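The data block below is data.txt; it holds compact mmCIF, C-alpha atoms.
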# COMPACT_ATOMS: atom_id res chain seq x y z
CA MET A 1300 91.71 70.79 65.79
CA GLU A 1301 90.03 72.03 68.91
CA GLU A 1302 88.53 75.49 68.79
CA THR A 1303 90.13 77.71 71.42
CA ASP A 1304 88.86 80.92 72.97
CA THR A 1305 91.89 82.96 71.95
CA TYR A 1306 90.47 83.53 68.49
CA HIS A 1307 87.40 85.25 69.88
CA ILE A 1308 88.22 88.90 69.97
CA ARG A 1309 84.87 90.05 71.29
CA PRO A 1310 82.47 88.32 73.64
CA ASN A 1311 79.31 86.85 72.17
CA HIS A 1312 76.11 88.58 73.07
CA GLN A 1313 75.18 85.96 75.65
CA ASP A 1314 78.67 86.07 77.20
CA LYS A 1315 78.69 89.80 77.69
CA PHE A 1316 78.62 91.25 81.18
CA LYS A 1317 75.22 91.82 82.66
CA PRO A 1318 75.28 94.61 85.24
CA ALA A 1319 71.79 93.77 86.50
CA VAL A 1320 72.79 90.22 87.35
CA VAL A 1321 75.89 91.34 89.16
CA LYS A 1322 74.07 94.07 91.05
CA GLU A 1323 71.68 91.46 92.35
CA CYS A 1324 74.57 89.20 93.47
CA VAL A 1325 76.20 92.08 95.25
CA ARG A 1326 73.00 93.21 96.92
CA GLU A 1327 72.27 89.72 98.23
CA ILE A 1328 75.69 89.33 99.82
CA VAL A 1329 75.68 92.77 101.35
CA ARG A 1330 72.22 92.48 102.87
CA GLU A 1331 73.15 89.14 104.33
CA ARG A 1332 76.47 90.24 105.80
CA LEU A 1333 75.81 93.79 106.91
CA SER A 1334 72.23 93.97 108.17
CA GLY A 1335 72.17 94.64 111.85
CA LEU A 1336 75.91 95.23 112.14
CA ARG A 1337 77.39 98.25 113.82
CA TYR A 1338 80.56 100.02 112.76
CA ASP A 1339 83.43 98.62 114.79
CA PRO A 1340 86.88 99.99 113.94
CA GLU A 1341 88.51 96.74 115.03
CA GLU A 1342 86.42 94.54 112.79
CA VAL A 1343 85.77 96.69 109.76
CA PRO A 1344 89.16 96.16 108.02
CA GLU A 1345 88.64 92.41 108.05
CA LEU A 1346 84.98 92.77 107.15
CA SER A 1347 85.64 94.92 104.11
CA ARG A 1348 88.37 92.59 102.87
CA SER A 1349 86.28 89.49 103.26
CA LEU A 1350 83.28 91.17 101.65
CA ALA A 1351 85.37 92.10 98.61
CA ASP A 1352 86.68 88.53 98.31
CA CYS A 1353 83.25 87.08 98.75
CA ILE A 1354 81.75 89.26 96.03
CA LYS A 1355 84.62 88.55 93.66
CA ASP A 1356 84.13 84.79 94.11
CA LYS A 1357 80.40 85.03 93.61
CA VAL A 1358 80.76 87.06 90.42
CA LYS A 1359 83.42 84.68 89.11
CA SER A 1360 81.00 81.83 89.48
CA ALA A 1361 78.26 83.78 87.67
CA GLY A 1362 79.87 82.66 84.43
CA PHE A 1363 81.53 85.74 82.93
CA ASP A 1364 84.46 83.82 81.49
CA ARG A 1365 87.53 85.61 80.18
CA TYR A 1366 86.67 88.78 82.02
CA LYS A 1367 88.98 90.38 84.53
CA LEU A 1368 87.26 91.73 87.62
CA VAL A 1369 88.03 94.54 90.02
CA VAL A 1370 85.89 94.76 93.17
CA GLN A 1371 86.09 97.74 95.49
CA VAL A 1372 84.31 97.94 98.83
CA VAL A 1373 84.14 101.16 100.84
CA ILE A 1374 82.71 101.07 104.35
CA GLY A 1375 82.30 104.28 106.30
CA GLU A 1376 80.91 105.27 109.63
CA GLN A 1377 78.40 108.02 109.38
CA ARG A 1378 78.69 110.78 111.93
CA GLY A 1379 77.04 113.53 110.01
CA GLN A 1380 80.08 114.19 107.85
CA GLY A 1381 79.84 114.67 104.12
CA VAL A 1382 81.27 111.98 101.84
CA THR A 1383 81.51 112.15 98.07
CA MET A 1384 82.85 109.47 95.78
CA SER A 1385 83.38 109.56 92.06
CA SER A 1386 85.12 107.44 89.46
CA ARG A 1387 86.16 107.55 85.82
CA CYS A 1388 87.33 104.81 83.50
CA PHE A 1389 89.40 104.54 80.38
CA TRP A 1390 88.22 101.30 78.76
CA ASP A 1391 86.33 99.79 75.87
CA ALA A 1392 82.75 100.91 76.43
CA ASP A 1393 81.41 98.13 74.22
CA THR A 1394 82.62 95.23 76.36
CA ASP A 1395 83.48 96.74 79.73
CA SER A 1396 81.14 97.99 82.39
CA TYR A 1397 80.47 98.15 86.09
CA ALA A 1398 77.78 97.43 88.66
CA GLU A 1399 77.45 99.16 91.98
CA ASP A 1400 75.33 98.99 95.09
CA VAL A 1401 75.02 101.40 97.98
CA PHE A 1402 73.95 100.04 101.33
CA MET A 1403 73.07 102.08 104.39
CA ASN A 1404 72.02 100.56 107.63
CA VAL A 1405 70.70 102.04 110.79
CA SER A 1406 71.42 100.21 113.97
CA LEU A 1407 68.41 100.47 116.22
CA ILE A 1408 69.97 98.78 119.20
CA ARG A 1409 71.05 101.90 120.99
CA CYS A 1410 68.55 104.40 119.67
CA ASP A 1411 67.28 105.12 123.15
CA GLU A 1412 70.68 106.45 124.17
CA GLY A 1413 70.58 108.96 121.39
CA GLU A 1414 73.21 107.14 119.29
CA ALA A 1415 72.76 105.69 115.86
CA ASP A 1416 75.47 104.02 113.83
CA PHE A 1417 75.34 103.99 110.07
CA SER A 1418 77.44 102.15 107.57
CA ILE A 1419 77.59 103.05 103.93
CA THR A 1420 78.93 100.43 101.66
CA ARG A 1421 79.61 101.11 98.05
CA LEU A 1422 80.52 98.09 96.03
CA THR A 1423 81.69 98.56 92.51
CA VAL A 1424 82.53 95.66 90.28
CA PHE A 1425 84.27 96.50 87.02
CA PHE A 1426 84.50 94.18 84.07
CA PHE A 1427 87.27 93.99 81.55
CA PRO A 1428 87.23 92.39 78.17
CA PRO A 1429 88.55 89.02 77.09
CA ILE A 1430 92.20 88.64 76.20
CA GLY A 1431 91.74 88.30 72.44
CA GLN A 1432 90.08 91.66 72.21
CA LEU A 1433 92.90 93.25 74.15
CA VAL A 1434 95.44 92.12 71.55
CA LEU A 1435 93.49 93.89 68.84
CA GLN A 1436 93.59 97.11 70.81
CA GLY A 1437 97.37 96.77 71.20
CA VAL A 1438 97.76 96.53 67.44
CA SER A 1439 95.67 99.67 66.86
CA ILE A 1440 97.90 101.70 69.18
CA ARG A 1441 101.00 100.50 67.35
CA LYS A 1442 99.50 101.40 63.96
CA LEU A 1443 98.63 104.86 65.24
CA LEU A 1444 102.22 105.41 66.36
CA LEU A 1445 103.55 104.25 63.00
CA LEU A 1446 101.22 106.59 61.16
CA ARG A 1447 102.41 109.49 63.28
CA MET A 1448 106.05 108.65 62.57
CA ARG A 1449 105.38 108.38 58.85
CA ALA A 1450 103.50 111.68 58.76
CA ARG A 1451 106.40 113.44 60.47
CA ARG A 1452 108.95 111.94 58.07
CA MET A 1453 106.86 112.87 55.04
CA GLY A 1454 106.44 116.42 56.29
CA LYS A 1455 110.24 116.89 56.53
CA SER A 1456 111.01 115.47 53.06
CA SER A 1457 108.42 117.60 51.23
CA ARG A 1458 110.28 120.86 51.98
CA MET B 1103 111.48 99.70 62.52
CA THR B 1104 112.01 102.45 65.08
CA GLY B 1105 108.31 103.03 65.57
CA MET B 1106 107.76 99.48 66.79
CA GLU B 1107 110.76 99.58 69.14
CA GLU B 1108 109.60 102.75 70.80
CA PHE B 1109 106.25 101.17 71.50
CA HIS B 1110 107.73 98.06 73.10
CA ASN B 1111 110.17 99.96 75.32
CA GLY B 1112 107.31 101.28 77.40
CA SER B 1113 105.99 97.93 78.52
CA GLU B 1114 108.68 96.57 80.83
CA GLY B 1115 106.22 94.28 82.49
CA ALA B 1116 104.37 95.18 85.66
CA PHE B 1117 102.44 98.34 86.33
CA ASN B 1118 104.62 101.08 87.80
CA SER B 1119 102.68 102.02 90.89
CA GLU B 1120 105.28 104.52 92.12
CA GLU B 1121 104.85 106.62 89.03
CA ALA B 1122 101.08 106.48 89.37
CA ASP B 1123 101.43 107.44 93.03
CA ASN B 1124 103.32 110.61 92.08
CA ILE B 1125 100.86 111.51 89.36
CA VAL B 1126 97.92 111.14 91.73
CA LYS B 1127 99.53 113.15 94.54
CA GLU B 1128 100.26 115.97 92.15
CA CYS B 1129 96.69 115.98 90.85
CA ILE B 1130 95.17 116.06 94.33
CA GLU B 1131 97.47 118.90 95.40
CA SER B 1132 96.60 120.94 92.37
CA VAL B 1133 92.84 120.57 92.88
CA VAL B 1134 92.29 120.75 96.66
CA GLY B 1135 95.76 121.75 97.88
CA GLY B 1136 94.90 124.71 100.06
CA ASP B 1137 91.14 124.43 100.43
CA ASP B 1138 88.84 123.58 103.30
CA TYR B 1139 85.96 121.14 102.96
CA SER B 1140 83.02 122.77 101.25
CA GLN B 1141 79.75 120.99 100.56
CA SER B 1142 79.08 123.04 97.46
CA GLN B 1143 82.48 122.42 95.88
CA VAL B 1144 83.12 118.81 96.74
CA ASN B 1145 81.38 117.33 93.70
CA LYS B 1146 83.42 119.53 91.45
CA TRP B 1147 86.62 118.56 93.28
CA THR B 1148 86.14 114.81 93.05
CA ALA B 1149 85.24 115.01 89.36
CA SER B 1150 88.24 117.23 88.74
CA ILE B 1151 90.71 115.01 90.60
CA VAL B 1152 89.52 111.93 88.84
CA GLU B 1153 89.59 113.49 85.38
CA ARG B 1154 93.03 114.95 85.87
CA CYS B 1155 94.47 111.69 87.12
CA LEU B 1156 92.99 109.78 84.24
CA THR B 1157 94.26 112.29 81.68
CA GLN B 1158 97.79 112.18 83.07
CA LEU B 1159 97.83 108.41 83.22
CA VAL B 1160 96.61 108.06 79.65
CA LYS B 1161 99.18 110.61 78.43
CA SER B 1162 101.98 108.14 79.12
CA TRP B 1163 100.65 106.04 76.21
CA LYS B 1164 101.10 102.78 78.07
CA PRO B 1165 98.97 99.83 76.94
CA TYR B 1166 96.66 99.87 79.95
CA LYS B 1167 93.02 100.42 80.71
CA TYR B 1168 92.45 102.52 83.82
CA ILE B 1169 89.86 102.94 86.54
CA VAL B 1170 90.26 105.84 88.93
CA THR B 1171 88.06 106.34 91.99
CA CYS B 1172 88.18 109.19 94.46
CA ALA B 1173 86.47 109.59 97.84
CA VAL B 1174 86.53 112.89 99.71
CA MET B 1175 85.37 112.93 103.29
CA GLN B 1176 84.94 115.69 105.79
CA LYS B 1177 86.98 115.23 108.95
CA THR B 1178 84.71 114.51 111.87
CA GLY B 1179 86.51 111.61 113.48
CA ALA B 1180 84.44 109.04 111.59
CA GLY B 1181 86.23 106.06 110.10
CA LEU B 1182 86.44 104.97 106.48
CA HIS B 1183 87.81 101.72 105.06
CA THR B 1184 88.32 100.65 101.48
CA ALA B 1185 89.18 97.13 100.34
CA ASN B 1186 89.83 95.76 96.85
CA SER B 1187 89.71 92.27 95.49
CA CYS B 1188 90.84 91.68 91.93
CA TYR B 1189 90.79 88.84 89.48
CA TRP B 1190 93.45 89.69 86.91
CA ASP B 1191 96.92 88.94 85.62
CA THR B 1192 99.15 89.60 88.64
CA ALA B 1193 102.25 89.95 86.50
CA MET B 1194 100.99 92.78 84.32
CA ASP B 1195 98.12 94.46 86.18
CA GLY B 1196 98.30 96.54 89.30
CA SER B 1197 96.75 99.17 91.47
CA CYS B 1198 97.77 102.02 93.70
CA THR B 1199 95.92 103.81 96.48
CA VAL B 1200 96.84 107.25 97.74
CA ARG B 1201 95.62 108.70 101.05
CA TRP B 1202 95.85 112.44 101.38
CA GLU B 1203 94.59 114.76 104.06
CA ASN B 1204 94.57 118.31 105.21
CA ARG B 1205 93.06 120.08 108.17
CA THR B 1206 89.43 119.61 107.22
CA MET B 1207 89.19 116.64 104.89
CA ASN B 1208 90.46 113.24 103.88
CA CYS B 1209 90.89 112.13 100.29
CA VAL B 1210 91.44 108.56 99.09
CA VAL B 1211 92.20 107.92 95.43
CA SER B 1212 92.53 104.43 93.95
CA VAL B 1213 93.94 103.68 90.53
CA PHE B 1214 93.51 100.27 88.90
CA ALA B 1215 95.44 99.47 85.73
CA VAL B 1216 94.66 96.46 83.60
CA ALA B 1217 97.06 95.55 80.83
CA ILE B 1218 96.08 95.33 77.22
CA ALA B 1219 97.88 92.36 75.64
The structure in this file should be written as structure tokens.
Amino acid sequence: MEETDTYHIRPNHQDKFKPAVVKECVREIVRERLSGLRYDPEEVPELSRSLADCIKDKVKSAGFDRYKLVVQVVIGEQRGQGVTMSSRCFWDADTDSYAEDVFMNVSLIRCDEGEADFSITRLTVFFFPPIGQLVLQGVSIRKLLLLRMRARRMGKSSR
Amino acid sequence: MTGMEEFHNGSEGAFNSEEADNIVKECIESVVGGDDYSQSQVNKWTASIVERCLTQLVKSWKPYKYIVTCAVMQKTGAGLHTANSCYWDTAMDGSCTVRWENRTMNCVVSVFAVAIA
């Protein structure tokens, strides 16, 4: 019988996500696509979408099989305003992780006119675990619920 | 067994983004509802919004893993765009993005939910 992946509940060490590798992928794409660009409100929606797709495809081909990916790209125009971004995750810290890259560019084309355009791009790629491992987690939640039910029932009958 | 049935009732299939939308809006309102942008407070606000959202989402005991991101930006007429690209199970997983603003700031919160089993 052929061995299938579904019996692997955790990734092997060599199959685990590698944030450093992904960060490098992301950095390469961003430098290539955004260097020298200026913020243009007409083009940025399309640019951010295509950047996210591009990064997702590149990371897919990096060989992290059986991982789900979420890529988020944020592009902002800097006009001296303050921007703060934060994130939190509820996941399995052993198998899941993220990689991010922040890119800022300064367009020098119109510096003499006293204008400078900046773009800040924050790319975050999150990894999720393989399917087999997810099933195990589902079972643990069910067991926890059953234990709670049993504890309640026992508590009532002991009176 | 009743315990098992109760667990299965929750997972009707896809991620309920409307419910998440309401949860997020409520959390944002409760943290920055009447305030003006303040450089010294903004870190605290973003952390607070994100933690609250996550706590509320997890409380529903649904079999999902969550990622919540929040960006708060001062209003100066500058533009901001976010884009997401996901490789997941389109039947079970989902996301929701909420844009909120007041007189002095913009807030964008994204929630991604990935199903477990």
Legend entry - Nearest-residue call for Met1207 (chain B), choices B:Ala1116, B:Ala1122, B:Met1175, B:Cys1129, using only C-alpha atoms: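 Among the listed residues, the smallest separation from Met1207 (chain B) belongs to B:Met1175.
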Inset, instruction - Would you please work out which residue, of A:Arg1365, A:His1312, A:Arg1332, A:Arg1387, is nearest to Leu1159 (chain B) when using all atoms listed in the file? - result: A:Arg1387
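In this comparison, which uses only C-alpha atoms, the residue of B:Thr1192, B:Ser1162, B:Ser1212, B:Thr1148 approaching chain A most closely is B:Thr1148.
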Legend entry - For chain A, the nearest of the candidates B:Cys1188, B:Cys1209, B:Val1216, B:Val1160, counting all atoms listed in the file: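 Smallest separation from chain A among the options: B:Cys1188.
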Legend entry - Interatomic distance (Å, one decimal) between CA of Tyr1139 (chain B) and CA of Ala1173 (chain B):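 That distance, rounded to one decimal, is 12.6 Å.
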Inset, instruction - Give the residues of chain B that lie within 7 Å of chain A; count all atoms listed in the file, and format the answer as an MDAnalysis selection string. - result: chainID B and resid 1105:1106 1109 1144:1145 1148:1149 1152:1153 1165 1167:1176 1178 1180:1190 1218:1219
Quick one: axis-aligned box around all listed atoms of region 1165-1181 of chain B, 5 Å on every side, centre and edge lengths in Å to one decimal, written as AutoDock Vina command-line options.
--center_x 91.7 --center_y 107.8 --center_z 95.2 --size_x 24.5 --size_y 25.9 --size_z 46.5
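Once Glu1331 (chain A) and its same-chain neighbours fewer than 2 positions away are set aside, Cys1324, Val1325, Arg1326, Glu1327, Ile1328, Val1329, Leu1333, Ser1334, Gly1335, Leu1336, Leu1350, Cys1353, Ile1354, Phe1402 and Asn1404 of chain A remain within 12 Å of it when counting all atoms listed in the file.
CA of Ser1119 (chain B) to CA of Ser1197 (chain B) spans 6.6 Å [interatomic distance, one decimal].
Going from CA of Ala1217 (chain B) to CA of Tyr1166 (chain B) covers 4.4 Å.
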Please work out which residues fall within 12 Å of (76.6, 86.9, 77.6), coordinates as given in the file, with all atoms listed in the file counting, and return them as a tab-separated table (two decimals) with C-alpha atoms, in the coordinates of the input.
chain	number	residue	atom	x	y	z
A	1309	ARG	CA	84.87	90.05	71.29
A	1310	PRO	CA	82.47	88.32	73.64
A	1311	ASN	CA	79.31	86.85	72.17
A	1312	HIS	CA	76.11	88.58	73.07
A	1313	GLN	CA	75.18	85.96	75.65
A	1314	ASP	CA	78.67	86.07	77.20
A	1315	LYS	CA	78.69	89.80	77.69
A	1316	PHE	CA	78.62	91.25	81.18
A	1317	LYS	CA	75.22	91.82	82.66
A	1318	PRO	CA	75.28	94.61	85.24
A	1320	VAL	CA	72.79	90.22	87.35
A	1361	ALA	CA	78.26	83.78	87.67
A	1362	GLY	CA	79.87	82.66	84.43
A	1363	PHE	CA	81.53	85.74	82.93
A	1364	ASP	CA	84.46	83.82	81.49
A	1365	ARG	CA	87.53	85.61	80.18
A	1366	TYR	CA	86.67	88.78	82.02
A	1394	THR	CA	82.62	95.23	76.36
A	1428	PRO	CA	87.23	92.39	78.17
Legend entry - Counting all atoms listed in the file, the residue of B:Gln1158, B:Gly1179, B:Ile1125, B:Glu1120 that sits nearest Thr1206 (chain B):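 Ranking B:Gln1158, B:Gly1179, B:Ile1125, B:Glu1120 by distance to Thr1206 (chain B), first place goes to B:Gly1179.
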